[in-house]
$ cat start.cif   # mmCIF, C-alpha atoms
data_coords
#
loop_
_atom_site.group_PDB
_atom_site.id
_atom_site.type_symbol
_atom_site.label_atom_id
_atom_site.label_comp_id
_atom_site.auth_asym_id
_atom_site.auth_seq_id
_atom_site.Cartn_x
_atom_site.Cartn_y
_atom_site.Cartn_z
ATOM 1 C CA MET N 1 39.669 -18.217 11.403
ATOM 2 C CA ASP N 2 42.166 -15.688 12.711
ATOM 3 C CA LYS N 3 44.550 -18.452 13.691
ATOM 4 C CA LYS N 4 44.226 -20.001 10.250
ATOM 5 C CA ASN N 5 44.982 -16.659 8.606
ATOM 6 C CA GLN N 6 47.959 -16.100 10.877
ATOM 7 C CA GLU N 7 49.265 -19.580 10.058
ATOM 8 C CA GLU N 8 48.820 -18.985 6.328
ATOM 9 C CA ARG N 9 50.582 -15.600 6.528
ATOM 10 C CA LEU N 10 53.434 -17.066 8.525
ATOM 11 C CA ILE N 11 53.940 -19.991 6.168
ATOM 12 C CA LYS N 12 53.791 -17.701 3.122
ATOM 13 C CA ASN N 13 56.400 -15.499 4.714
ATOM 14 C CA LEU N 14 58.638 -18.444 5.573
ATOM 15 C CA MET N 15 58.350 -20.108 2.191
ATOM 16 C CA LYS N 16 59.567 -16.947 0.483
ATOM 17 C CA HIS N 17 62.977 -17.987 1.802
ATOM 18 C CA SER N 18 62.756 -21.525 0.469
ATOM 19 C CA LEU N 19 64.131 -20.968 -3.028
ATOM 20 C CA THR N 20 67.301 -22.991 -3.226
ATOM 21 C CA LYS N 21 69.592 -21.893 -6.020
ATOM 22 C CA MET N 22 71.716 -24.463 -7.792
ATOM 23 C CA PRO N 23 74.911 -24.255 -5.707
ATOM 24 C CA PHE N 24 77.231 -25.617 -8.398
ATOM 25 C CA GLU N 25 78.356 -22.761 -10.617
ATOM 26 C CA ASP N 26 79.638 -24.983 -13.418
ATOM 27 C CA PHE N 27 76.396 -26.946 -13.581
ATOM 28 C CA GLU N 28 75.234 -25.366 -16.842
ATOM 29 C CA ALA N 29 78.545 -26.047 -18.617
ATOM 30 C CA ARG N 30 78.728 -29.640 -17.355
ATOM 31 C CA MET N 31 75.121 -30.234 -18.293
ATOM 32 C CA MET N 32 75.627 -28.909 -21.829
ATOM 33 C CA ASP N 33 78.656 -31.211 -22.225
ATOM 34 C CA ARG N 34 76.458 -34.156 -21.301
ATOM 35 C CA ILE N 35 73.752 -32.997 -23.715
ATOM 36 C CA HIS N 36 76.249 -32.744 -26.599
ATOM 37 C CA GLN N 37 77.592 -36.181 -25.673
ATOM 38 C CA GLU N 38 74.042 -37.550 -25.656
ATOM 39 C CA LYS N 39 73.418 -36.016 -29.090
ATOM 40 C CA ARG N 40 76.587 -37.608 -30.493
ATOM 41 C CA GLN N 41 75.538 -40.945 -29.050
ATOM 42 C CA GLN N 42 72.054 -40.649 -30.570
ATOM 43 C CA GLU N 43 73.577 -39.870 -33.982
ATOM 44 C CA SER N 44 76.006 -42.757 -33.723
ATOM 45 C CA VAL N 45 73.197 -45.177 -32.799
ATOM 46 C CA ALA N 46 71.124 -43.904 -35.747
ATOM 47 C CA ASN N 47 74.118 -44.431 -38.072
ATOM 48 C CA ASN N 48 74.734 -47.924 -36.745
ATOM 49 C CA ILE N 49 71.109 -48.842 -37.324
ATOM 50 C CA ARG N 50 71.319 -47.534 -40.902
ATOM 51 C CA TYR N 51 74.463 -49.619 -41.547
ATOM 52 C CA ALA N 52 72.848 -52.660 -39.929
ATOM 53 C CA TRP N 53 69.876 -52.440 -42.334
ATOM 54 C CA MET N 54 72.202 -51.889 -45.290
ATOM 55 C CA PHE N 55 74.338 -54.956 -44.514
ATOM 56 C CA PHE N 56 71.246 -56.991 -43.778
ATOM 57 C CA PHE N 57 69.888 -56.351 -47.278
ATOM 58 C CA VAL N 58 73.311 -56.820 -48.901
ATOM 59 C CA GLY N 59 73.555 -60.213 -47.153
ATOM 60 C CA LEU N 60 69.995 -61.083 -48.099
ATOM 61 C CA PHE N 61 70.524 -60.380 -51.827
ATOM 62 C CA LEU N 62 73.915 -62.096 -51.878
ATOM 63 C CA GLY N 63 72.323 -65.112 -50.222
ATOM 64 C CA LEU N 64 69.514 -65.145 -52.781
ATOM 65 C CA GLY N 65 72.039 -64.832 -55.607
ATOM 66 C CA ILE N 66 74.199 -67.713 -54.343
ATOM 67 C CA THR N 67 71.140 -69.902 -53.720
ATOM 68 C CA ASN N 68 69.987 -69.245 -57.258
ATOM 69 C CA MET N 69 73.436 -70.009 -58.677
ATOM 70 C CA THR N 70 73.842 -73.298 -56.786
ATOM 71 C CA ALA N 71 70.252 -74.455 -57.471
ATOM 72 C CA ASN N 72 71.121 -76.106 -60.790
ATOM 73 C CA LEU N 73 74.389 -77.748 -59.706
ATOM 74 C CA SER N 74 74.327 -81.543 -59.294
ATOM 75 C CA ILE N 75 77.701 -82.336 -57.738
ATOM 76 C CA GLN N 76 78.335 -85.094 -55.217
ATOM 77 C CA LEU N 77 80.659 -84.576 -52.247
ATOM 78 C CA TYR N 78 81.774 -87.821 -50.541
ATOM 79 C CA GLY N 79 78.573 -89.477 -51.740
ATOM 80 C CA ILE N 80 76.291 -86.701 -50.405
ATOM 81 C CA SER N 81 74.354 -84.645 -52.942
ATOM 82 C CA LEU N 82 75.276 -80.928 -52.903
ATOM 83 C CA LYS N 83 71.555 -80.118 -52.937
ATOM 84 C CA GLN N 84 71.145 -81.744 -49.515
ATOM 85 C CA VAL N 85 74.117 -79.821 -48.100
ATOM 86 C CA THR N 86 72.889 -76.481 -49.474
ATOM 87 C CA LEU N 87 69.383 -77.183 -48.170
ATOM 88 C CA ILE N 88 70.716 -77.581 -44.630
ATOM 89 C CA ILE N 89 72.840 -74.430 -44.989
ATOM 90 C CA GLN N 90 69.880 -72.534 -46.454
ATOM 91 C CA ILE N 91 67.597 -73.491 -43.555
ATOM 92 C CA GLY N 92 70.299 -72.422 -41.071
ATOM 93 C CA LEU N 93 70.836 -69.108 -42.853
ATOM 94 C CA ALA N 94 67.097 -68.443 -43.121
ATOM 95 C CA LEU N 95 66.810 -68.870 -39.341
ATOM 96 C CA VAL N 96 69.756 -66.511 -38.762
ATOM 97 C CA LEU N 97 68.178 -63.959 -41.138
ATOM 98 C CA LEU N 98 64.832 -64.137 -39.367
ATOM 99 C CA PHE N 99 66.539 -63.723 -36.003
ATOM 100 C CA GLN N 100 68.544 -60.716 -37.272
ATOM 101 C CA PHE N 101 65.471 -59.202 -38.916
ATOM 102 C CA GLU N 102 63.538 -59.384 -35.656
ATOM 103 C CA LYS N 103 66.482 -57.806 -33.788
ATOM 104 C CA LEU N 104 66.731 -54.994 -36.330
ATOM 105 C CA LEU N 105 63.018 -54.254 -36.149
ATOM 106 C CA ASP N 106 63.228 -54.182 -32.381
ATOM 107 C CA LEU N 107 66.246 -51.860 -32.460
ATOM 108 C CA SER N 108 64.657 -49.457 -34.959
ATOM 109 C CA PHE N 109 61.332 -49.445 -33.119
ATOM 110 C CA ARG N 110 62.931 -48.867 -29.723
ATOM 111 C CA LYS N 111 64.967 -46.011 -31.149
ATOM 112 C CA LYS N 112 61.833 -44.254 -32.338
ATOM 113 C CA THR N 113 59.963 -44.380 -29.020
ATOM 114 C CA MET G 114 59.118 -19.089 -25.518
ATOM 115 C CA ASP G 115 59.435 -22.711 -24.360
ATOM 116 C CA ASN G 116 57.756 -23.955 -27.544
ATOM 117 C CA LEU G 117 60.125 -21.950 -29.712
ATOM 118 C CA TYR G 118 63.153 -23.557 -28.078
ATOM 119 C CA ILE G 119 61.567 -27.010 -28.189
ATOM 120 C CA GLN G 120 61.277 -26.603 -31.965
ATOM 121 C CA LYS G 121 64.863 -25.359 -32.177
ATOM 122 C CA VAL G 122 66.185 -28.403 -30.321
ATOM 123 C CA LEU G 123 64.013 -30.786 -32.328
ATOM 124 C CA ASN G 124 65.347 -29.212 -35.524
ATOM 125 C CA GLY G 125 68.858 -30.143 -34.457
ATOM 126 C CA ASP G 126 70.016 -27.006 -32.601
ATOM 127 C CA THR G 127 71.445 -28.771 -29.539
ATOM 128 C CA GLU G 128 72.836 -25.496 -28.165
ATOM 129 C CA GLY G 129 69.209 -24.282 -27.866
ATOM 130 C CA PHE G 130 68.813 -26.689 -24.942
ATOM 131 C CA ARG G 131 70.886 -24.258 -22.862
ATOM 132 C CA TYR G 132 67.739 -22.104 -22.590
ATOM 133 C CA PHE G 133 65.963 -24.843 -20.596
ATOM 134 C CA ILE G 134 68.970 -25.447 -18.353
ATOM 135 C CA SER G 135 69.471 -21.797 -17.436
ATOM 136 C CA ASN G 136 65.745 -21.154 -16.942
ATOM 137 C CA TYR G 137 64.761 -24.242 -15.017
ATOM 138 C CA LYS G 138 67.862 -25.371 -13.114
ATOM 139 C CA ASP G 139 67.120 -23.484 -9.887
ATOM 140 C CA LEU G 140 63.471 -24.446 -9.701
ATOM 141 C CA ALA G 141 64.293 -28.048 -10.585
ATOM 142 C CA PHE G 142 66.953 -28.065 -7.873
ATOM 143 C CA SER G 143 64.437 -26.699 -5.342
ATOM 144 C CA VAL G 144 61.987 -29.461 -6.212
ATOM 145 C CA ALA G 145 64.666 -32.183 -6.172
ATOM 146 C CA ILE G 146 66.139 -31.138 -2.836
ATOM 147 C CA ALA G 147 62.655 -31.029 -1.310
ATOM 148 C CA VAL G 148 62.460 -34.759 -1.945
ATOM 149 C CA VAL G 149 66.008 -36.092 -1.597
ATOM 150 C CA LYS G 150 67.195 -33.565 1.050
ATOM 151 C CA ASP G 151 70.806 -33.680 -0.090
ATOM 152 C CA GLU G 152 72.566 -31.195 -2.382
ATOM 153 C CA PHE G 153 74.650 -33.754 -4.287
ATOM 154 C CA TRP G 154 71.783 -36.149 -4.820
ATOM 155 C CA ALA G 155 69.570 -33.276 -5.891
ATOM 156 C CA GLU G 156 72.144 -32.200 -8.470
ATOM 157 C CA GLU G 157 72.278 -35.743 -9.861
ATOM 158 C CA VAL G 158 68.483 -35.862 -10.000
ATOM 159 C CA VAL G 159 68.400 -32.559 -11.937
ATOM 160 C CA GLN G 160 71.087 -33.809 -14.348
ATOM 161 C CA GLU G 161 69.253 -37.052 -15.052
ATOM 162 C CA SER G 162 66.001 -35.139 -15.484
ATOM 163 C CA PHE G 163 67.508 -32.800 -18.098
ATOM 164 C CA ILE G 164 68.948 -35.797 -19.974
ATOM 165 C CA LYS G 165 65.513 -37.460 -19.945
ATOM 166 C CA VAL G 166 63.910 -34.244 -21.190
ATOM 167 C CA PHE G 167 66.419 -34.108 -24.059
ATOM 168 C CA GLN G 168 65.828 -37.764 -24.957
ATOM 169 C CA LYS G 169 62.045 -37.524 -24.792
ATOM 170 C CA LEU G 170 61.511 -34.023 -26.158
ATOM 171 C CA LYS G 171 60.045 -35.375 -29.387
ATOM 172 C CA THR G 172 57.362 -37.212 -27.395
ATOM 173 C CA PHE G 173 56.221 -33.968 -25.726
ATOM 174 C CA LYS G 174 52.799 -33.365 -27.268
ATOM 175 C CA GLY G 175 51.991 -30.078 -25.552
ATOM 176 C CA HIS G 176 48.856 -31.342 -23.770
ATOM 177 C CA SER G 177 50.184 -29.661 -20.631
ATOM 178 C CA SER G 178 52.708 -26.837 -20.359
ATOM 179 C CA PHE G 179 56.396 -27.694 -20.742
ATOM 180 C CA LYS G 180 56.920 -26.671 -17.101
ATOM 181 C CA THR G 181 54.322 -29.172 -15.820
ATOM 182 C CA TRP G 182 55.802 -31.919 -18.015
ATOM 183 C CA PHE G 183 59.337 -31.095 -16.850
ATOM 184 C CA TYR G 184 58.374 -31.014 -13.166
ATOM 185 C CA ARG G 185 56.687 -34.396 -13.531
ATOM 186 C CA ILE G 186 59.998 -35.783 -14.802
ATOM 187 C CA VAL G 187 62.017 -34.182 -11.963
ATOM 188 C CA ILE G 188 59.560 -35.406 -9.306
ATOM 189 C CA ASN G 189 59.521 -38.972 -10.685
ATOM 190 C CA GLU G 190 63.297 -39.008 -10.919
ATOM 191 C CA ALA G 191 63.654 -37.730 -7.332
ATOM 192 C CA PHE G 192 61.261 -40.305 -5.856
ATOM 193 C CA GLN G 193 62.881 -43.053 -7.927
ATOM 194 C CA ARG G 194 66.268 -42.008 -6.551
ATOM 195 C CA MET G 195 64.870 -42.202 -3.033
ATOM 196 C CA ARG G 196 63.565 -45.722 -3.685
ATOM 197 C CA GLU G 197 66.894 -46.828 -5.166
ATOM 198 C CA GLU G 198 68.900 -45.513 -2.242
ATOM 199 C CA LYS G 199 66.447 -47.065 0.220
ATOM 200 C CA LYS G 200 67.703 -44.593 2.772
ATOM 201 C CA GLN G 201 65.527 -44.526 5.817
ATOM 202 C CA HIS G 202 64.846 -41.094 7.266
ATOM 203 C CA THR G 203 62.932 -40.271 10.352
ATOM 204 C CA TYR G 204 60.808 -37.275 9.700
ATOM 205 C CA GLN G 205 58.732 -35.234 12.014
ATOM 206 C CA ASN G 206 55.451 -36.871 11.177
ATOM 207 C CA GLU G 207 53.061 -36.248 14.041
ATOM 208 C CA LEU G 208 50.877 -33.196 13.760
ATOM 209 C CA ARG G 209 51.578 -30.717 16.497
ATOM 210 C CA GLU G 210 49.957 -27.388 17.179
ATOM 211 C CA THR G 211 52.495 -24.602 17.351
ATOM 212 C CA GLU G 212 52.285 -21.391 19.302
ATOM 213 C CA LEU G 213 52.116 -19.078 16.296
ATOM 214 C CA ASP G 214 52.782 -15.844 18.210
ATOM 215 C CA SER G 215 56.017 -17.209 19.635
ATOM 216 C CA VAL G 216 57.203 -18.399 16.189
ATOM 217 C CA GLU G 217 56.366 -15.030 14.662
ATOM 218 C CA GLY G 218 58.070 -13.165 17.481
ATOM 219 C CA ASN G 219 61.239 -15.219 17.248
ATOM 220 C CA LEU G 220 61.306 -14.972 13.458
ATOM 221 C CA ASN G 221 61.183 -11.194 13.541
ATOM 222 C CA GLY G 222 64.431 -11.198 15.468
ATOM 223 C CA LEU G 223 66.257 -13.014 12.647
ATOM 224 C CA THR G 224 67.966 -11.514 9.595
ATOM 225 C CA PRO G 225 66.689 -12.644 6.151
ATOM 226 C CA GLU G 226 69.809 -14.824 5.722
ATOM 227 C CA GLU G 227 69.201 -16.508 9.078
ATOM 228 C CA GLN G 228 65.545 -17.024 8.174
ATOM 229 C CA SER G 229 66.601 -18.618 4.903
ATOM 230 C CA VAL G 230 68.948 -21.089 6.654
ATOM 231 C CA LEU G 231 66.230 -21.855 9.189
ATOM 232 C CA VAL G 232 63.653 -22.555 6.463
ATOM 233 C CA GLN G 233 66.061 -24.808 4.539
ATOM 234 C CA GLU G 234 66.832 -26.787 7.692
ATOM 235 C CA ALA G 235 63.165 -27.037 8.656
ATOM 236 C CA LEU G 236 62.276 -28.330 5.180
ATOM 237 C CA LYS G 237 64.803 -31.128 5.671
ATOM 238 C CA LEU G 238 62.983 -32.232 8.829
ATOM 239 C CA ILE G 239 59.565 -32.728 7.278
ATOM 240 C CA PRO G 240 58.567 -35.647 4.984
ATOM 241 C CA PRO G 241 59.514 -35.318 1.263
ATOM 242 C CA LYS G 242 55.920 -35.181 0.024
ATOM 243 C CA GLU G 243 55.108 -32.314 2.386
ATOM 244 C CA SER G 244 58.166 -30.214 1.604
ATOM 245 C CA LEU G 245 57.597 -30.790 -2.111
ATOM 246 C CA VAL G 246 53.961 -29.675 -1.977
ATOM 247 C CA LEU G 247 54.826 -26.660 0.191
ATOM 248 C CA ARG G 248 57.487 -25.522 -2.288
ATOM 249 C CA LEU G 249 55.247 -25.996 -5.302
ATOM 250 C CA PHE G 250 52.278 -24.278 -3.653
ATOM 251 C CA TYR G 251 54.010 -21.302 -2.069
ATOM 252 C CA LEU G 252 57.187 -20.839 -4.058
ATOM 253 C CA GLU G 253 55.802 -21.641 -7.494
ATOM 254 C CA GLU G 254 52.321 -20.435 -6.568
ATOM 255 C CA GLN G 255 50.816 -23.445 -8.274
ATOM 256 C CA PRO G 256 47.189 -24.404 -7.592
ATOM 257 C CA SER G 257 46.550 -27.820 -6.081
ATOM 258 C CA LYS G 258 45.162 -29.032 -9.452
ATOM 259 C CA THR G 259 48.518 -28.395 -11.171
ATOM 260 C CA ILE G 260 50.407 -30.016 -8.286
ATOM 261 C CA ALA G 261 48.133 -33.051 -8.634
ATOM 262 C CA ASP G 262 48.940 -33.198 -12.370
ATOM 263 C CA GLU G 263 52.668 -32.988 -11.717
ATOM 264 C CA THR G 264 52.823 -35.498 -8.895
ATOM 265 C CA GLY G 265 50.151 -37.940 -10.019
ATOM 266 C CA TRP G 266 48.416 -37.671 -6.632
ATOM 267 C CA SER G 267 44.732 -36.776 -6.299
ATOM 268 C CA GLU G 268 43.784 -33.160 -5.617
ATOM 269 C CA ALA G 269 42.244 -34.138 -2.261
ATOM 270 C CA ASN G 270 45.481 -35.892 -1.330
ATOM 271 C CA VAL G 271 47.490 -32.789 -2.271
ATOM 272 C CA ARG G 272 45.295 -30.665 0.009
ATOM 273 C CA VAL G 273 45.743 -33.111 2.907
ATOM 274 C CA ILE G 274 49.525 -33.147 2.381
ATOM 275 C CA LEU G 275 49.511 -29.343 2.227
ATOM 276 C CA HIS G 276 47.610 -29.125 5.498
ATOM 277 C CA ARG G 277 49.993 -31.531 7.225
ATOM 278 C CA GLY G 278 52.946 -29.756 5.647
ATOM 279 C CA ARG G 279 51.930 -26.368 7.073
ATOM 280 C CA LYS G 280 51.574 -27.771 10.591
ATOM 281 C CA ASN G 281 54.794 -29.778 10.443
ATOM 282 C CA MET G 282 56.747 -26.921 8.895
ATOM 283 C CA LEU G 283 55.755 -24.529 11.687
ATOM 284 C CA ALA G 284 56.541 -27.184 14.293
ATOM 285 C CA ALA G 285 59.950 -27.814 12.679
ATOM 286 C CA VAL G 286 60.746 -24.075 12.577
ATOM 287 C CA ASN G 287 59.698 -23.736 16.192
ATOM 288 C CA GLN G 288 61.766 -26.757 17.216
ATOM 289 C CA LEU G 289 64.863 -25.399 15.456
ATOM 290 C CA MET G 290 64.469 -21.953 17.008
ATOM 291 C CA LEU G 291 64.038 -23.386 20.489
ATOM 292 C CA LYS G 292 67.155 -25.510 19.987
ATOM 293 C CA GLU G 293 69.042 -22.418 18.840
ATOM 294 C CA LEU G 294 67.826 -20.409 21.847
ATOM 295 C CA LYS G 295 68.959 -23.151 24.221
ATOM 296 C CA THR G 296 72.491 -23.057 22.818
ATOM 297 C CA ILE G 297 72.775 -19.279 23.314
#
$ encode --input "start.cif" --output "structure tokens"
Amino acid sequence: MDKKNQEERLIKNLMKHSLTKMPFEDFEARMMDRIHQEKRQQESVANNIRYAWMFFFVGLFLGLGITNMTANLSIQLYGISLKQVTLIIQIGLALVLLFQFEKLLDLSFRKKT
Amino acid sequence: MDNLYIQKVLNGDTEGFRYFISNYKDLAFSVAIAVVKDEFWAEEVVQESFIKVFQKLKTFKGHSSFKTWFYRIVINEAFQRMREEKKQHTYQNELRETELDSVEGNLNGLTPEEQSVLVQEALKLIPPKESLVLRLFYLEEQPSKTIADETGWSEANVRVILHRGRKNMLAAVNQLMLKELKTI
């Protein structure tokens, strides 16, 4: 028991000297620079996400408007009906929109967590 | 006080983060160097930890104290750094009984500065887990339950590491003093 006490006392005494101070004097200043930089980056990402959503909806409504406008046209281009051409374009654009929508959701969700 | 500054930072006062840096940098450095054993690596670990704290501050729910949460981040970061570097160290790992009277006698002959250098060197010789637990237990005066929370190890494991750490630390101090005596 005595040996255990002596060991404990000795270790306690030794460990008093184990505090290691940060040896780099400019650490605080450098760290704060990085924090400010991080904050700017966070704000810029948040802004970019806002713009991305805005342009996504602008594109979506423009697309809807153009689709609506071309729906009643019955023009033939080199023997192919314009309706067939627009249908192919519409399917392609719908796929792109879905892909972008999924990306935007992912980006916004990741930002929050 | 921590909670007040957490709110400040979350409300957009980035400069408020300085409070955490000036209050926790030394203790974080002590914890980091206990694991990585190198001043420059330890500084990088502390930097990355503060950045992580800043990024994740809004996820801090206050279930544990800020200090416990912060230490968990520093410890994870330090061990991750060790894994990334894949640096192989050979630590004094076998338990040896040390002649306590001789260690105590030799220590009394040293100035506080010399004792400090000796302790720092001895901590570099023992395995990271042991030096980390010794620092948290004796320097921070944390109970083994808190250390278990911070490290993710079981309380029984912490006690075993602490026991091994004490023995190895004394053996390392003894070894360093004998080496020093031989050179004189």
$ resolve_selection --input "start.cif" --expression "the PyMOL selection byres ((chain G and resi 121-128) around 10)" --output "ChimeraX atom specification"
/N:32,35-36,38-39 /G:115-120,129-132,167,170-171
$ closest_atom_pairs --input "start.cif" --of "chain G" --to "chain N" --cutoff "8 Å" --atoms "all atoms listed in the file" --output "JSON lines"
{"residue": "G:Thr127", "atom": "CA", "partner": "N:His36", "partner_atom": "CA", "distance": 6.9}
{"residue": "G:Glu128", "atom": "CA", "partner": "N:Met32", "partner_atom": "CA", "distance": 7.7}
{"residue": "G:Phe130", "atom": "CA", "partner": "N:Met32", "partner_atom": "CA", "distance": 7.8}
{"residue": "G:Arg131", "atom": "CA", "partner": "N:Met32", "partner_atom": "CA", "distance": 6.7}
{"residue": "G:Ile134", "atom": "CA", "partner": "N:Glu28", "partner_atom": "CA", "distance": 6.4}
{"residue": "G:Ser135", "atom": "CA", "partner": "N:Glu28", "partner_atom": "CA", "distance": 6.8}
{"residue": "G:Lys138", "atom": "CA", "partner": "N:Met22", "partner_atom": "CA", "distance": 6.6}
{"residue": "G:Asp139", "atom": "CA", "partner": "N:Lys21", "partner_atom": "CA", "distance": 4.9}
{"residue": "G:Leu140", "atom": "CA", "partner": "N:Leu19", "partner_atom": "CA", "distance": 7.6}
{"residue": "G:Phe142", "atom": "CA", "partner": "N:Met22", "partner_atom": "CA", "distance": 6.0}
{"residue": "G:Ser143", "atom": "CA", "partner": "N:Thr20", "partner_atom": "CA", "distance": 5.1}
{"residue": "G:Glu156", "atom": "CA", "partner": "N:Met22", "partner_atom": "CA", "distance": 7.8}
{"residue": "G:Gln160", "atom": "CA", "partner": "N:Met31", "partner_atom": "CA", "distance": 6.7}
{"residue": "G:Ile164", "atom": "CA", "partner": "N:Ile35", "partner_atom": "CA", "distance": 6.7}
{"residue": "G:Phe167", "atom": "CA", "partner": "N:Ile35", "partner_atom": "CA", "distance": 7.4}
{"residue": "G:Thr172", "atom": "CA", "partner": "N:Thr113", "partner_atom": "CA", "distance": 7.8}
{"residue": "G:Leu213", "atom": "CA", "partner": "N:Glu7", "partner_atom": "CA", "distance": 6.9}
{"residue": "G:Glu217", "atom": "CA", "partner": "N:Leu10", "partner_atom": "CA", "distance": 7.1}
{"residue": "G:Pro225", "atom": "CA", "partner": "N:His17", "partner_atom": "CA", "distance": 7.8}
{"residue": "G:Gln228", "atom": "CA", "partner": "N:His17", "partner_atom": "CA", "distance": 6.9}
{"residue": "G:Ser229", "atom": "CA", "partner": "N:His17", "partner_atom": "CA", "distance": 4.8}
{"residue": "G:Val232", "atom": "CA", "partner": "N:Ser18", "partner_atom": "CA", "distance": 6.1}
{"residue": "G:Gln233", "atom": "CA", "partner": "N:Ser18", "partner_atom": "CA", "distance": 6.2}
{"residue": "G:Leu247", "atom": "CA", "partner": "N:Met15", "partner_atom": "CA", "distance": 7.7}
{"residue": "G:Arg248", "atom": "CA", "partner": "N:Met15", "partner_atom": "CA", "distance": 7.1}
{"residue": "G:Tyr251", "atom": "CA", "partner": "N:Met15", "partner_atom": "CA", "distance": 6.2}
{"residue": "G:Leu252", "atom": "CA", "partner": "N:Met15", "partner_atom": "CA", "distance": 6.4}
{"residue": "G:Arg279", "atom": "CA", "partner": "N:Ile11", "partner_atom": "CA", "distance": 6.7}
{"residue": "G:Met282", "atom": "CA", "partner": "N:Ile11", "partner_atom": "CA", "distance": 8.0}
{"residue": "G:Leu283", "atom": "CA", "partner": "N:Ile11", "partner_atom": "CA", "distance": 7.4}
$ atom_distance --input "start.cif" --atom1 "atom CA of G:Ser162" --atom2 "atom CA of N:Arg50"
28.8 Å
$ closest_residue --input "start.cif" --among "N:Leu97, N:Leu73, N:Asn5, N:Phe109" --to "N:Phe56" --atoms "all atoms listed in the file"
N:Leu97
$ residues_near_point --input "start.cif" --point "(48.9, -29.6, 6.8)" --cutoff "12 Å" --atoms "all atoms listed in the file" --output "compact mmCIF listing (two decimals) with C-alpha atoms, keeping the file's coordinate frame"
# COMPACT_ATOMS: atom_id res chain seq x y z
CA LYS N 4 44.23 -20.00 10.25
CA GLU N 7 49.26 -19.58 10.06
CA GLU N 8 48.82 -18.98 6.33
CA ILE N 11 53.94 -19.99 6.17
CA ASN G 206 55.45 -36.87 11.18
CA GLU G 207 53.06 -36.25 14.04
CA LEU G 208 50.88 -33.20 13.76
CA ARG G 209 51.58 -30.72 16.50
CA GLU G 210 49.96 -27.39 17.18
CA ILE G 239 59.56 -32.73 7.28
CA PRO G 240 58.57 -35.65 4.98
CA LYS G 242 55.92 -35.18 0.02
CA GLU G 243 55.11 -32.31 2.39
CA SER G 244 58.17 -30.21 1.60
CA VAL G 246 53.96 -29.68 -1.98
CA LEU G 247 54.83 -26.66 0.19
CA ASN G 270 45.48 -35.89 -1.33
CA VAL G 271 47.49 -32.79 -2.27
CA ARG G 272 45.30 -30.66 0.01
CA VAL G 273 45.74 -33.11 2.91
CA ILE G 274 49.52 -33.15 2.38
CA LEU G 275 49.51 -29.34 2.23
CA HIS G 276 47.61 -29.12 5.50
CA ARG G 277 49.99 -31.53 7.22
CA GLY G 278 52.95 -29.76 5.65
CA ARG G 279 51.93 -26.37 7.07
CA LYS G 280 51.57 -27.77 10.59
CA ASN G 281 54.79 -29.78 10.44
CA MET G 282 56.75 -26.92 8.90
CA LEU G 283 55.76 -24.53 11.69
CA ALA G 284 56.54 -27.18 14.29
$ residues_around --input "start.cif" --residues "G:Pro241" --least-positions-apart "3" --cutoff "9 Å" --atoms "only C-alpha atoms" --output "PDB file with C-alpha atoms, keeping the file's coordinate frame"
ATOM      1  CA  ILE G 146      66.139 -31.138  -2.836  1.00  0.00           C
ATOM      2  CA  ALA G 147      62.655 -31.029  -1.310  1.00  0.00           C
ATOM      3  CA  VAL G 148      62.460 -34.759  -1.945  1.00  0.00           C
ATOM      4  CA  VAL G 149      66.008 -36.092  -1.597  1.00  0.00           C
ATOM      5  CA  LYS G 150      67.195 -33.565   1.050  1.00  0.00           C
ATOM      6  CA  PHE G 192      61.261 -40.305  -5.856  1.00  0.00           C
ATOM      7  CA  TYR G 204      60.808 -37.275   9.700  1.00  0.00           C
ATOM      8  CA  LEU G 236      62.276 -28.330   5.180  1.00  0.00           C
ATOM      9  CA  LYS G 237      64.803 -31.128   5.671  1.00  0.00           C
ATOM     10  CA  LEU G 238      62.983 -32.232   8.829  1.00  0.00           C
ATOM     11  CA  SER G 244      58.166 -30.214   1.604  1.00  0.00           C
ATOM     12  CA  LEU G 245      57.597 -30.790  -2.111  1.00  0.00           C
ATOM     13  CA  VAL G 246      53.961 -29.675  -1.977  1.00  0.00           C
TER      14      VAL G 246
END
$ residues_around --input "start.cif" --residues "stretch 80-89 of chain N" --least-positions-apart "3" --cutoff "12 Å" --atoms "all atoms listed in the file" --output "MDAnalysis selection string"
chainID N and resid 63 66:77 92:96
$ atom_distance --input "start.cif" --atom1 "atom CA of G:Arg185" --atom2 "atom CA of G:Glu263"
4.6 Å
